[in-house]
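S.K.: Data: data-v7.json, JSON, C-alpha atoms.
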```json
[["chain", "number", "residue", "atom", "x", "y", "z"],
["A", 26, "MET", "CA", -4.26, 8.92, -11.38],
["A", 27, "ILE", "CA", -5.69, 11.62, -13.60],
["A", 28, "ILE", "CA", -7.36, 10.22, -16.70],
["A", 29, "GLY", "CA", -8.22, 12.40, -19.65],
["A", 30, "PRO", "CA", -10.97, 11.91, -22.22],
["A", 31, "LYS", "CA", -12.28, 8.39, -21.70],
["A", 32, "TYR", "CA", -14.05, 8.02, -25.06],
["A", 33, "LYS", "CA", -10.91, 9.01, -26.89],
["A", 34, "ILE", "CA", -8.84, 6.49, -24.92],
["A", 35, "CYS", "CA", -11.41, 3.75, -25.59],
["A", 36, "LYS", "CA", -11.37, 4.49, -29.30],
["A", 37, "ARG", "CA", -7.56, 4.43, -29.38],
["A", 38, "LEU", "CA", -7.18, 1.18, -27.43],
["A", 39, "GLY", "CA", -10.02, -0.56, -29.20],
["A", 40, "ALA", "CA", -11.33, -2.08, -26.00],
["A", 41, "SER", "CA", -13.84, -1.12, -23.36],
["A", 42, "VAL", "CA", -11.46, -0.32, -20.54],
["A", 43, "PHE", "CA", -13.84, 2.14, -18.85],
["A", 44, "GLU", "CA", -17.40, 1.50, -17.74],
["A", 45, "LYS", "CA", -18.81, 4.34, -19.83],
["A", 46, "CYS", "CA", -17.37, 2.73, -22.98],
["A", 47, "GLN", "CA", -19.29, -0.49, -22.35],
["A", 48, "THR", "CA", -22.64, 1.07, -23.20],
["A", 49, "GLN", "CA", -24.77, 0.46, -26.26],
["A", 50, "LYS", "CA", -24.58, 4.17, -27.09],
["A", 51, "PHE", "CA", -20.78, 4.00, -27.39],
["A", 52, "GLN", "CA", -20.94, 0.86, -29.52],
["A", 53, "LEU", "CA", -23.43, 2.49, -31.90],
["A", 54, "ALA", "CA", -21.28, 5.60, -32.18],
["A", 55, "GLU", "CA", -18.28, 3.42, -33.02],
["A", 56, "ALA", "CA", -20.26, 1.62, -35.71],
["A", 57, "ARG", "CA", -21.46, 4.90, -37.26],
["A", 58, "ALA", "CA", -18.07, 6.61, -37.26],
["A", 59, "PRO", "CA", -16.52, 6.77, -40.72],
["A", 60, "ARG", "CA", -13.27, 4.88, -41.03],
["A", 61, "LYS", "CA", -10.25, 6.81, -42.11],
["A", 62, "THR", "CA", -8.74, 5.77, -45.42],
["A", 63, "ARG", "CA", -5.25, 6.52, -44.17],
["A", 64, "PRO", "CA", -3.77, 3.70, -42.06],
["A", 65, "LYS", "CA", -2.99, 4.30, -38.40],
["A", 66, "ARG", "CA", 0.49, 5.51, -37.62],
["A", 67, "GLY", "CA", 2.59, 2.95, -35.79],
["A", 68, "GLY", "CA", 1.22, 0.18, -33.67],
["A", 69, "GLY", "CA", 1.59, -2.37, -36.45],
["A", 70, "GLY", "CA", 4.67, -4.12, -35.17],
["A", 71, "ASP", "CA", 5.29, -6.28, -32.14],
["A", 72, "TYR", "CA", 6.35, -3.32, -30.03],
["A", 73, "GLY", "CA", 3.19, -1.36, -30.87],
["A", 74, "ILE", "CA", 0.95, -4.32, -30.07],
["A", 75, "GLN", "CA", 2.70, -4.89, -26.74],
["A", 76, "LEU", "CA", 2.39, -1.19, -25.90],
["A", 77, "LEU", "CA", -1.35, -1.21, -26.62],
["A", 78, "GLU", "CA", -1.85, -4.31, -24.45],
["A", 79, "LYS", "CA", 0.12, -2.70, -21.61],
["A", 80, "GLN", "CA", -2.01, 0.45, -21.86],
["A", 81, "LYS", "CA", -5.20, -1.64, -21.81],
["A", 82, "ALA", "CA", -4.09, -3.38, -18.61],
["A", 83, "ARG", "CA", -2.95, -0.13, -17.02],
["A", 84, "PHE", "CA", -6.22, 1.70, -17.71],
["A", 85, "THR", "CA", -8.31, -1.33, -16.75],
["A", 86, "TYR", "CA", -6.76, -1.48, -13.27],
["A", 87, "GLY", "CA", -6.53, 2.33, -12.98],
["A", 88, "LEU", "CA", -2.80, 2.51, -12.31],
["A", 89, "SER", "CA", -0.26, 5.17, -13.11],
["A", 90, "GLU", "CA", 2.70, 4.36, -15.31],
["A", 91, "SER", "CA", 5.13, 4.18, -12.38],
["A", 92, "GLN", "CA", 2.82, 1.92, -10.35],
["A", 93, "PHE", "CA", 2.38, -0.44, -13.27],
["A", 94, "ALA", "CA", 6.14, -0.46, -13.96],
["A", 95, "ARG", "CA", 6.81, -1.37, -10.33],
["A", 96, "TYR", "CA", 4.32, -4.26, -10.47],
["A", 97, "ALA", "CA", 5.85, -5.46, -13.75],
["A", 98, "SER", "CA", 9.43, -5.36, -12.41],
["A", 99, "GLU", "CA", 8.39, -7.24, -9.26],
["A", 100, "ALA", "CA", 6.65, -9.87, -11.40],
["A", 101, "MET", "CA", 9.72, -10.31, -13.63],
["A", 102, "GLU", "CA", 11.96, -10.87, -10.61],
["A", 103, "GLN", "CA", 9.92, -13.89, -9.53],
["A", 104, "LYS", "CA", 10.68, -17.34, -10.85],
["A", 105, "GLY", "CA", 8.25, -18.90, -13.28],
["A", 106, "ASP", "CA", 5.78, -17.24, -15.59],
["A", 107, "SER", "CA", 6.01, -13.47, -15.12],
["A", 108, "SER", "CA", 2.67, -12.77, -16.81],
["A", 109, "ASN", "CA", 0.80, -14.91, -14.28],
["A", 110, "ALA", "CA", 2.73, -13.25, -11.46],
["A", 111, "LEU", "CA", 1.76, -9.81, -12.78],
["A", 112, "VAL", "CA", -1.91, -10.72, -13.00],
["A", 113, "SER", "CA", -1.90, -12.22, -9.50],
["A", 114, "LYS", "CA", -0.25, -9.05, -8.10],
["A", 115, "LEU", "CA", -2.85, -6.84, -9.80],
["A", 116, "GLU", "CA", -5.76, -9.02, -8.71],
["A", 117, "SER", "CA", -4.63, -9.06, -5.07],
["A", 118, "ARG", "CA", -4.88, -5.27, -4.68],
["A", 119, "LEU", "CA", -7.55, -4.21, -2.19],
["A", 120, "ASP", "CA", -9.52, -2.07, -4.66],
["A", 121, "ASN", "CA", -9.67, -4.97, -7.11],
["A", 122, "VAL", "CA", -10.69, -7.43, -4.38],
["A", 123, "VAL", "CA", -13.54, -5.10, -3.38],
["A", 124, "PHE", "CA", -14.61, -4.92, -7.03],
["A", 125, "ARG", "CA", -14.40, -8.70, -7.50],
["A", 126, "ALA", "CA", -16.35, -9.30, -4.29],
["A", 127, "GLY", "CA", -19.25, -7.36, -5.82],
["A", 128, "PHE", "CA", -19.44, -4.55, -3.28],
["A", 129, "VAL", "CA", -19.42, -1.99, -6.13],
["A", 130, "LYS", "CA", -19.99, -2.08, -9.88],
["A", 131, "THR", "CA", -16.71, -0.58, -11.14],
["A", 132, "ARG", "CA", -13.03, -0.56, -10.21],
["A", 133, "ARG", "CA", -13.02, 3.23, -9.96],
["A", 134, "ALA", "CA", -15.90, 3.09, -7.47],
["A", 135, "ALA", "CA", -14.01, 0.42, -5.53],
["A", 136, "ARG", "CA", -10.93, 2.63, -5.37],
["A", 137, "GLN", "CA", -13.03, 5.52, -4.07],
["A", 138, "LEU", "CA", -14.77, 3.27, -1.52],
["A", 139, "VAL", "CA", -11.41, 2.12, -0.18],
["A", 140, "SER", "CA", -9.76, 5.53, -0.16],
["A", 141, "HIS", "CA", -12.70, 7.05, 1.75],
["A", 142, "GLY", "CA", -12.18, 4.47, 4.51],
["A", 143, "HIS", "CA", -15.36, 2.41, 4.11],
["A", 144, "VAL", "CA", -13.52, -0.94, 3.86],
["A", 145, "THR", "CA", -12.19, -3.08, 6.69],
["A", 146, "ILE", "CA", -9.65, -5.88, 6.70],
["A", 147, "ASN", "CA", -9.95, -8.28, 9.64],
["A", 148, "GLY", "CA", -12.06, -5.65, 11.41],
["A", 149, "ARG", "CA", -9.53, -2.81, 10.97],
["A", 150, "ARG", "CA", -10.24, 0.19, 8.77],
["A", 151, "MET", "CA", -8.12, 0.35, 5.61],
["A", 152, "ASN", "CA", -7.89, 3.28, 3.18],
["A", 153, "ILE", "CA", -5.01, 2.21, 0.93],
["A", 154, "PRO", "CA", -6.24, 0.94, -2.48],
["A", 155, "SER", "CA", -2.89, -0.68, -3.29],
["A", 156, "TYR", "CA", -2.87, -2.79, -0.10],
["A", 157, "VAL", "CA", -2.05, -6.41, -0.96],
["A", 158, "VAL", "CA", -4.77, -8.70, 0.36],
["A", 159, "LYS", "CA", -3.41, -12.04, 1.52],
["A", 160, "ALA", "CA", -5.28, -15.34, 1.54],
["A", 161, "GLY", "CA", -7.41, -15.75, 4.63],
["A", 162, "GLU", "CA", -7.93, -12.05, 5.33],
["A", 163, "MET", "CA", -11.52, -10.96, 5.84],
["A", 164, "VAL", "CA", -12.56, -8.01, 3.68],
["A", 165, "GLY", "CA", -15.77, -6.21, 4.58],
["A", 166, "ILE", "CA", -17.62, -2.91, 4.64],
["A", 167, "ARG", "CA", -17.72, -0.88, 7.87],
["A", 168, "THR", "CA", -21.03, -1.11, 9.69],
["A", 169, "GLU", "CA", -21.32, 2.70, 9.74],
["A", 170, "SER", "CA", -20.90, 2.80, 5.94],
["A", 171, "ARG", "CA", -23.38, 0.12, 4.94],
["A", 172, "THR", "CA", -26.22, 2.51, 4.22]]
```
Have the structure of the file written as structure tokens, please.

M.R.:
Amino acid sequence: MIIGPKYKICKRLGASVFEKCQTQKFQLAEARAPRKTRPKRGGGGDYGIQLLEKQKARFTYGLSESQFARYASEAMEQKGDSSNALVSKLESRLDNVVFRAGFVKTRRAARQLVSHGHVTINGRRMNIPSYVVKAGEMVGIRTESRT
């Protein structure tokens, strides 16, 4: 997924979806920036709010629009609460599991670690960030890659 200007995206979404927007420098720049007197175009209704929340989730997990749409449609097909199903699908991705396990500091670094083949699942090398990790599977770092 190619991501453009991260500061601009953070300012638009109003949330720190990237690691570089979670710094004190960014927060100070946001506080110093003069507010526009003209109201923002769109985004005031229910549809605009839902769109912003979707974009926050998509950029947080580092997914393309088509990947996120596929996860959302799979979650809506399941019985029960579709929002919980969507979150569980996103959290069970291998790159997110590596991030949550604390092997790396950011999700983007976790995706790179996985795609470069440094992660193993049950002792087998895995380089697919979207791999769905099931309960009971052992996730680890290859012994050659630990340095």

S.K.: Residues at most 12 Å from Phe51 of chain A, counting all atoms listed in the file, excluding those fewer than 5 positions away in the same chain, as a PyMOL selection string?

M.R.: chain A and resi 31-33+35-36+39-41+43-46+56-58

S.K.: Nearest to His143 of chain A: which of A:Phe84, A:Phe128, A:Tyr72, A:Phe93 is it, counting only C-alpha atoms?

M.R.: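 Checking each of A:Phe84, A:Phe128, A:Tyr72, A:Phe93 against His143 of chain A, counting only C-alpha atoms, the winner is A:Phe128.
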
S.K.: Between A:Leu88, A:Ala160, A:Ala97, A:Val42, single out the one closest to Val112 of chain A, counting only C-alpha atoms.

M.R.: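 So, comparing all the options, the nearest one is A:Ala97.
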
S.K.: Which one of A:Leu111, A:Gln80, A:Arg125, A:Ala54 sits closest to Arg95 of chain A if you count all atoms listed in the file?

M.R.: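 Looking only at the distances to Arg95 of chain A, the closest residue turns out to be A:Leu111.
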
S.K.: Could you check how far atom CA of Ala135 of chain A sits from atom CA of Gly161 of chain A, in Å to one decimal?

M.R.: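 Taking atom CA of Ala135 of chain A as the start and atom CA of Gly161 of chain A as the end point, the length is 20.2 Å.
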